[in-house]
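Next comes my_file36.pdb, a file with PDB, C-alpha atoms and all ligand atoms.
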ATOM      1  CA  MET A   1       0.000   0.000   0.000
ATOM      2  CA  ILE A   2       1.269   3.448  -0.875
ATOM      3  CA  THR A   3       0.322   6.196   1.502
ATOM      4  CA  VAL A   4       0.841   9.902   1.717
ATOM      5  CA  SER A   5       1.642  11.424   5.050
ATOM      6  CA  PHE A   6      -1.302  12.803   6.876
ATOM      7  CA  THR A   7      -0.593  16.501   6.825
ATOM      8  CA  ARG A   8      -3.932  18.068   6.051
ATOM      9  CA  SER A   9      -5.785  20.061   8.636
ATOM     10  CA  VAL A  10      -8.198  18.187  10.837
ATOM     11  CA  TYR A  11     -11.246  19.874  12.284
ATOM     12  CA  ALA A  12     -13.064  19.028  15.437
ATOM     13  CA  HIS A  13     -16.104  17.651  13.599
ATOM     14  CA  GLU A  14     -13.994  14.801  12.226
ATOM     15  CA  LEU A  15     -13.281  13.441  15.684
ATOM     16  CA  ARG A  16     -14.887  10.192  16.717
ATOM     17  CA  PRO A  17     -14.917   8.324  20.016
ATOM     18  CA  GLY A  18     -11.562   6.632  20.443
ATOM     19  CA  ASP A  19      -9.624   9.412  18.745
ATOM     20  CA  VAL A  20      -6.867  11.315  20.492
ATOM     21  CA  PHE A  21      -6.185  14.915  19.583
ATOM     22  CA  ALA A  22      -4.454  18.035  20.853
ATOM     23  CA  PHE A  23      -5.024  21.701  20.296
ATOM     24  CA  PRO A  24      -2.347  23.302  18.100
ATOM     25  CA  ASP A  25      -1.420  25.702  20.889
ATOM     26  CA  ALA A  26      -1.103  22.873  23.415
ATOM     27  CA  PRO A  27       0.380  20.012  21.373
ATOM     28  CA  SER A  28       1.766  18.219  24.416
ATOM     29  CA  THR A  29      -1.630  17.805  26.040
ATOM     30  CA  PRO A  30      -3.303  14.844  24.371
ATOM     31  CA  LEU A  31      -7.047  14.608  24.820
ATOM     32  CA  ALA A  32      -8.892  11.347  24.306
ATOM     33  CA  VAL A  33     -12.400  11.522  22.922
ATOM     34  CA  ALA A  34     -14.891   9.333  24.729
ATOM     35  CA  GLY A  35     -18.007  10.702  23.087
ATOM     36  CA  VAL A  36     -19.159  13.306  20.606
ATOM     37  CA  LYS A  37     -22.471  15.094  20.566
ATOM     38  CA  LYS A  38     -23.290  17.476  17.743
ATOM     39  CA  THR A  39     -25.645  20.421  18.069
ATOM     40  CA  VAL A  40     -26.621  22.260  14.916
ATOM     41  CA  LEU A  41     -27.397  25.864  15.802
ATOM     42  CA  SER A  42     -27.450  27.141  12.227
ATOM     43  CA  PRO A  43     -25.950  26.038   8.907
ATOM     44  CA  GLU A  44     -22.856  28.058   9.805
ATOM     45  CA  LEU A  45     -22.596  27.141  13.427
ATOM     46  CA  VAL A  46     -22.365  23.583  14.648
ATOM     47  CA  LEU A  47     -21.277  23.007  18.210
ATOM     48  CA  LEU A  48     -19.668  19.851  19.487
ATOM     49  CA  ALA A  49     -19.760  18.550  23.015
ATOM     50  CA  LEU A  50     -16.795  16.263  23.500
ATOM     51  CA  THR A  51     -16.798  13.889  26.417
ATOM     52  CA  LEU A  52     -13.281  13.570  27.779
ATOM     53  CA  PRO A  53     -12.254  11.038  30.401
ATOM     54  CA  GLY A  54     -11.571  12.628  33.758
ATOM     55  CA  ARG A  55     -13.800  15.618  33.140
ATOM     56  CA  THR A  56     -17.279  15.925  34.493
ATOM     57  CA  GLU A  57     -18.355  18.570  31.989
ATOM     58  CA  PRO A  58     -18.111  18.005  28.239
ATOM     59  CA  MET A  59     -15.860  20.324  26.301
ATOM     60  CA  HIS A  60     -17.805  22.554  23.922
ATOM     61  CA  LEU A  61     -16.196  23.812  20.776
ATOM     62  CA  PRO A  62     -17.212  24.859  17.266
ATOM     63  CA  ALA A  63     -17.110  22.090  14.679
ATOM     64  CA  GLN A  64     -14.627  24.071  12.584
ATOM     65  CA  THR A  65     -12.003  24.274  15.335
ATOM     66  CA  PRO A  66      -8.677  23.086  13.911
ATOM     67  CA  VAL A  67      -7.168  20.292  15.952
ATOM     68  CA  ARG A  68      -4.044  18.186  15.713
ATOM     69  CA  ALA A  69      -4.932  14.535  15.304
ATOM     70  CA  LEU A  70      -2.712  12.181  17.290
ATOM     71  CA  ARG A  71      -4.712   9.014  16.833
ATOM     72  CA  MET A  72      -7.478   8.577  14.302
ATOM     73  CA  VAL A  73      -8.232   4.998  13.435
ATOM     74  CA  ARG A  74     -10.457   4.731  10.407
ATOM     75  CA  ARG A  75     -11.667   1.773   8.422
ATOM     76  CA  VAL A  76     -11.219   2.582   4.760
ATOM     77  CA  SER A  77     -12.365   0.591   1.792
ATOM     78  CA  LEU A  78      -9.585   0.313  -0.763
ATOM     79  CA  THR A  79      -9.790  -1.073  -4.279
ATOM     80  CA  CYS A  80      -6.896  -3.173  -5.501
ATOM     81  CA  LEU A  81      -5.182  -1.554  -8.479
ATOM     82  CA  LEU A  82      -4.688  -4.912 -10.177
ATOM     83  CA  CYS A  83      -7.824  -6.957  -9.591
ATOM     84  CA  ARG A  84     -10.291  -4.263  -8.553
ATOM     85  CA  ARG A  85     -11.366  -6.153  -5.490
ATOM     86  CA  SER A  86     -12.077  -3.953  -2.550
ATOM     87  CA  GLN A  87     -10.853  -4.607   0.914
ATOM     88  CA  ASP A  88     -11.405  -2.901   4.224
ATOM     89  CA  VAL A  89      -8.243  -1.729   5.900
ATOM     90  CA  GLU A  90      -7.901  -0.129   9.280
ATOM     91  CA  LEU A  91      -5.514   2.787   9.430
ATOM     92  CA  ASN A  92      -4.375   5.102  12.156
ATOM     93  CA  LEU A  93      -4.227   8.110   9.851
ATOM     94  CA  PRO A  94      -1.697  10.327  11.710
ATOM     95  CA  HIS A  95       0.620   7.340  12.044
ATOM     96  CA  ASP A  96       0.045   5.334   8.868
ATOM     97  CA  GLY A  97      -0.835   8.170   6.516
ATOM     98  CA  GLU A  98      -3.645   8.314   4.017
ATOM     99  CA  PRO A  99      -3.854   5.587   1.373
ATOM    100  CA  LEU A 100      -2.962   6.611  -2.136
ATOM    101  CA  SER A 101      -2.979   3.271  -3.921
ATOM    102  CA  PHE A 102      -3.389  -0.291  -2.856
ATOM    103  CA  VAL A 103      -2.515  -3.741  -4.139
ATOM    104  CA  CYS A 104      -4.044  -6.690  -2.335
ATOM    105  CA  ALA A 105      -2.110  -9.578  -0.854
ATOM    106  CA  ASP A 106      -2.807 -11.799  -3.898
ATOM    107  CA  HIS A 107      -0.139 -10.003  -5.897
ATOM    108  CA  ALA A 108       2.466  -9.593  -3.218
ATOM    109  CA  PRO A 109       5.543 -11.783  -3.821
ATOM    110  CA  ALA A 110       6.146 -12.389  -0.139
ATOM    111  CA  PRO A 111       4.206 -11.044   2.783
ATOM    112  CA  ASP A 112       6.656  -9.004   4.806
ATOM    113  CA  ARG A 113       4.167  -7.812   7.335
ATOM    114  CA  GLU A 114       2.229  -9.879   9.780
ATOM    115  CA  ALA A 115      -1.426  -9.204  10.324
ATOM    116  CA  GLU A 116      -2.032  -7.361  13.513
TER     117      GLU A 116
HETATM  118 ZN    ZN A 201      -5.647  -7.641  -6.069
END
The structure given in the file should be rewritten as structure tokens.
Ligand SMILES: [Zn+2]
Amino acid sequence: MITVSFTRSVYAHELRPGDVFAFPDAPSTPLAVAGVKKTVLSPELVLLALTLPGRTEPMHLPAQTPVRALRMVRRVSLTCLLCRRSQDVELNLPHDGEPLSFVCADHAPAPDREAE
């Protein structure tokens, strides 16, 4: 699989439970997301209430708040370049990068990576 490094901006509305993020001005304070509740106030203003472990009150922030993703595991469906079969792959985007192209195991000469 060929990936490109995950450098694009991430906004708060992309966060899902299980993700870990930090605010750009406090990059050394990782925050784990336990829950996300979305409140649509108007088409321009969507508020998120993030449940964070260890806090009694949810953290409220606008959906368009830029955040730094530290852990974002996503299941992506990739289509093999050679046989067009699609396969679901789980990626931790900030760590693994975003998939650019994919060739399934059928065409690999020797598997050099063990399944996790
Ligand atoms: Zn294939």
* Neighbours of ligand ZN 201 (chain A) within 8 Å, counting only C-alpha atoms and all ligand atoms, as a count of residues only? -> 12
* To do: To verify the selection step, state as an MDAnalysis selection string which residues the PyMOL selection byres (((chain A and resi 60) around 12) and not hetatm) yields on this input.
  => chainID A and resid 12:13 35:39 46:52 57:59 61:65
* Straight-line distance linking atom CA of Thr3 of chain A with atom CA of Leu78 of chain A, stated in Å to one decimal ->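 So the answer is 11.7 Å.
Comparing A:Val73, A:Leu41, A:Met1, A:Pro24 by their smallest distance to Gln87 of chain A, the closest is A:Met1 (using all atoms listed in the file).
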* Asked: Can you list, as a PyMOL selection string, every protein, DNA or RNA residue that comes within 9 Å of Leu31 of chain A when you count only C-alpha atoms, leaving out same-chain residues fewer than 2 positions away?
  -> chain A and resi 19-23+29+33+52-53
* To do: Using all atoms listed in the file, determine which residues lie at most 7 Å from Ser77 of chain A, disregarding the query and same-chain residues fewer than 3 positions distant; provide the list as a list in words.
  =>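 Selected residues are Ser86, Gln87, Asp88 and Val89 of chain A.
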Convert the current residue selection to file output with C-alpha atoms, as a PDB file, in the coordinates of the input.
ATOM      1  CA  SER A  86     -12.077  -3.953  -2.550  1.00  0.00           C
ATOM      2  CA  GLN A  87     -10.853  -4.607   0.914  1.00  0.00           C
ATOM      3  CA  ASP A  88     -11.405  -2.901   4.224  1.00  0.00           C
ATOM      4  CA  VAL A  89      -8.243  -1.729   5.900  1.00  0.00           C
TER       5      VAL A  89
END
* atom CA of Ser28 of chain A to atom CA of Ser5 of chain A, straight-line distance in Å ->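 Answer for the atom CA of Ser5 of chain A to atom CA of Ser28 of chain A separation: 20.5 Å.
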* Apply the PyMOL selection byres (((chain A and resi 97) around 8) and not hetatm) to the file shown and report the selected residues as a PyMOL selection string. => chain A and resi 3-6+91-96+98-99
* Structure fact -> Here atom CA of Ser101 of chain A and atom CA of Ile2 of chain A stand apart by 5.2 Å
As a tab-separated table (two decimals), in the frame of the given file, the rebuilt segment 43-66 of chain A with N, CA, C and O atoms:
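Written out: rebuild-v5.tsv:
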chain	number	residue	atom	x	y	z
A	43	PRO	N	-26.83	26.68	9.90
A	43	PRO	CA	-25.95	26.04	8.91
A	43	PRO	C	-24.49	26.44	9.09
A	43	PRO	O	-23.60	25.69	8.72
A	44	GLU	N	-24.25	27.61	9.65
A	44	GLU	CA	-22.86	28.06	9.80
A	44	GLU	C	-22.27	27.67	11.15
A	44	GLU	O	-21.07	27.70	11.32
A	45	LEU	N	-23.13	27.38	12.10
A	45	LEU	CA	-22.60	27.14	13.43
A	45	LEU	C	-23.06	25.80	13.98
A	45	LEU	O	-24.24	25.61	14.29
A	46	VAL	N	-22.12	24.89	14.06
A	46	VAL	CA	-22.36	23.58	14.65
A	46	VAL	C	-21.46	23.48	15.86
A	46	VAL	O	-20.26	23.74	15.78
A	47	LEU	N	-22.05	23.14	16.99
A	47	LEU	CA	-21.28	23.01	18.21
A	47	LEU	C	-21.11	21.54	18.55
A	47	LEU	O	-22.01	20.73	18.37
A	48	LEU	N	-19.94	21.22	19.06
A	48	LEU	CA	-19.67	19.85	19.49
A	48	LEU	C	-19.50	19.84	21.00
A	48	LEU	O	-18.94	20.76	21.58
A	49	ALA	N	-20.02	18.80	21.60
A	49	ALA	CA	-19.76	18.55	23.02
A	49	ALA	C	-18.95	17.27	23.07
A	49	ALA	O	-19.43	16.19	22.75
A	50	LEU	N	-17.69	17.42	23.44
A	50	LEU	CA	-16.80	16.26	23.50
A	50	LEU	C	-16.71	15.76	24.94
A	50	LEU	O	-16.42	16.54	25.85
A	51	THR	N	-16.98	14.50	25.11
A	51	THR	CA	-16.80	13.89	26.42
A	51	THR	C	-15.36	13.43	26.54
A	51	THR	O	-14.86	12.69	25.69
A	52	LEU	N	-14.68	13.92	27.57
A	52	LEU	CA	-13.28	13.57	27.78
A	52	LEU	C	-13.16	12.86	29.11
A	52	LEU	O	-13.73	13.31	30.11
A	53	PRO	N	-12.42	11.77	29.14
A	53	PRO	CA	-12.25	11.04	30.40
A	53	PRO	C	-11.64	11.95	31.47
A	53	PRO	O	-10.75	12.73	31.17
A	54	GLY	N	-12.12	11.84	32.67
A	54	GLY	CA	-11.57	12.63	33.76
A	54	GLY	C	-12.19	14.00	33.89
A	54	GLY	O	-11.80	14.78	34.75
A	55	ARG	N	-13.13	14.33	33.02
A	55	ARG	CA	-13.80	15.62	33.14
A	55	ARG	C	-15.29	15.38	33.33
A	55	ARG	O	-15.89	14.55	32.65
A	56	THR	N	-15.86	16.11	34.24
A	56	THR	CA	-17.28	15.92	34.49
A	56	THR	C	-18.11	16.64	33.44
A	56	THR	O	-19.17	16.16	33.04
A	57	GLU	N	-17.61	17.80	32.99
A	57	GLU	CA	-18.36	18.57	31.99
A	57	GLU	C	-17.79	18.30	30.61
A	57	GLU	O	-16.56	18.26	30.44
A	58	PRO	N	-18.65	18.15	29.60
A	58	PRO	CA	-18.11	18.00	28.24
A	58	PRO	C	-17.46	19.30	27.78
A	58	PRO	O	-17.78	20.38	28.27
A	59	MET	N	-16.53	19.15	26.87
A	59	MET	CA	-15.86	20.32	26.30
A	59	MET	C	-16.63	20.77	25.07
A	59	MET	O	-16.87	19.98	24.16
A	60	HIS	N	-17.05	22.03	25.05
A	60	HIS	CA	-17.80	22.55	23.92
A	60	HIS	C	-16.88	23.33	23.00
A	60	HIS	O	-16.10	24.16	23.46
A	61	LEU	N	-16.98	23.04	21.73
A	61	LEU	CA	-16.20	23.81	20.78
A	61	LEU	C	-16.86	23.79	19.41
A	61	LEU	O	-17.60	22.85	19.09
A	62	PRO	N	-16.63	24.83	18.61
A	62	PRO	CA	-17.21	24.86	17.27
A	62	PRO	C	-16.66	23.73	16.41
A	62	PRO	O	-15.49	23.36	16.53
A	63	ALA	N	-17.51	23.22	15.52
A	63	ALA	CA	-17.11	22.09	14.68
A	63	ALA	C	-15.91	22.42	13.81
A	63	ALA	O	-15.15	21.53	13.43
A	64	GLN	N	-15.72	23.70	13.49
A	64	GLN	CA	-14.63	24.07	12.58
A	64	GLN	C	-13.33	24.39	13.32
A	64	GLN	O	-12.40	24.94	12.73
A	65	THR	N	-13.24	24.05	14.59
A	65	THR	CA	-12.00	24.27	15.34
A	65	THR	C	-10.90	23.37	14.78
A	65	THR	O	-11.08	22.16	14.72
A	66	PRO	N	-9.77	23.95	14.36
A	66	PRO	CA	-8.68	23.09	13.91
A	66	PRO	C	-8.04	22.35	15.09
A	66	PRO	O	-7.81	22.95	16.14
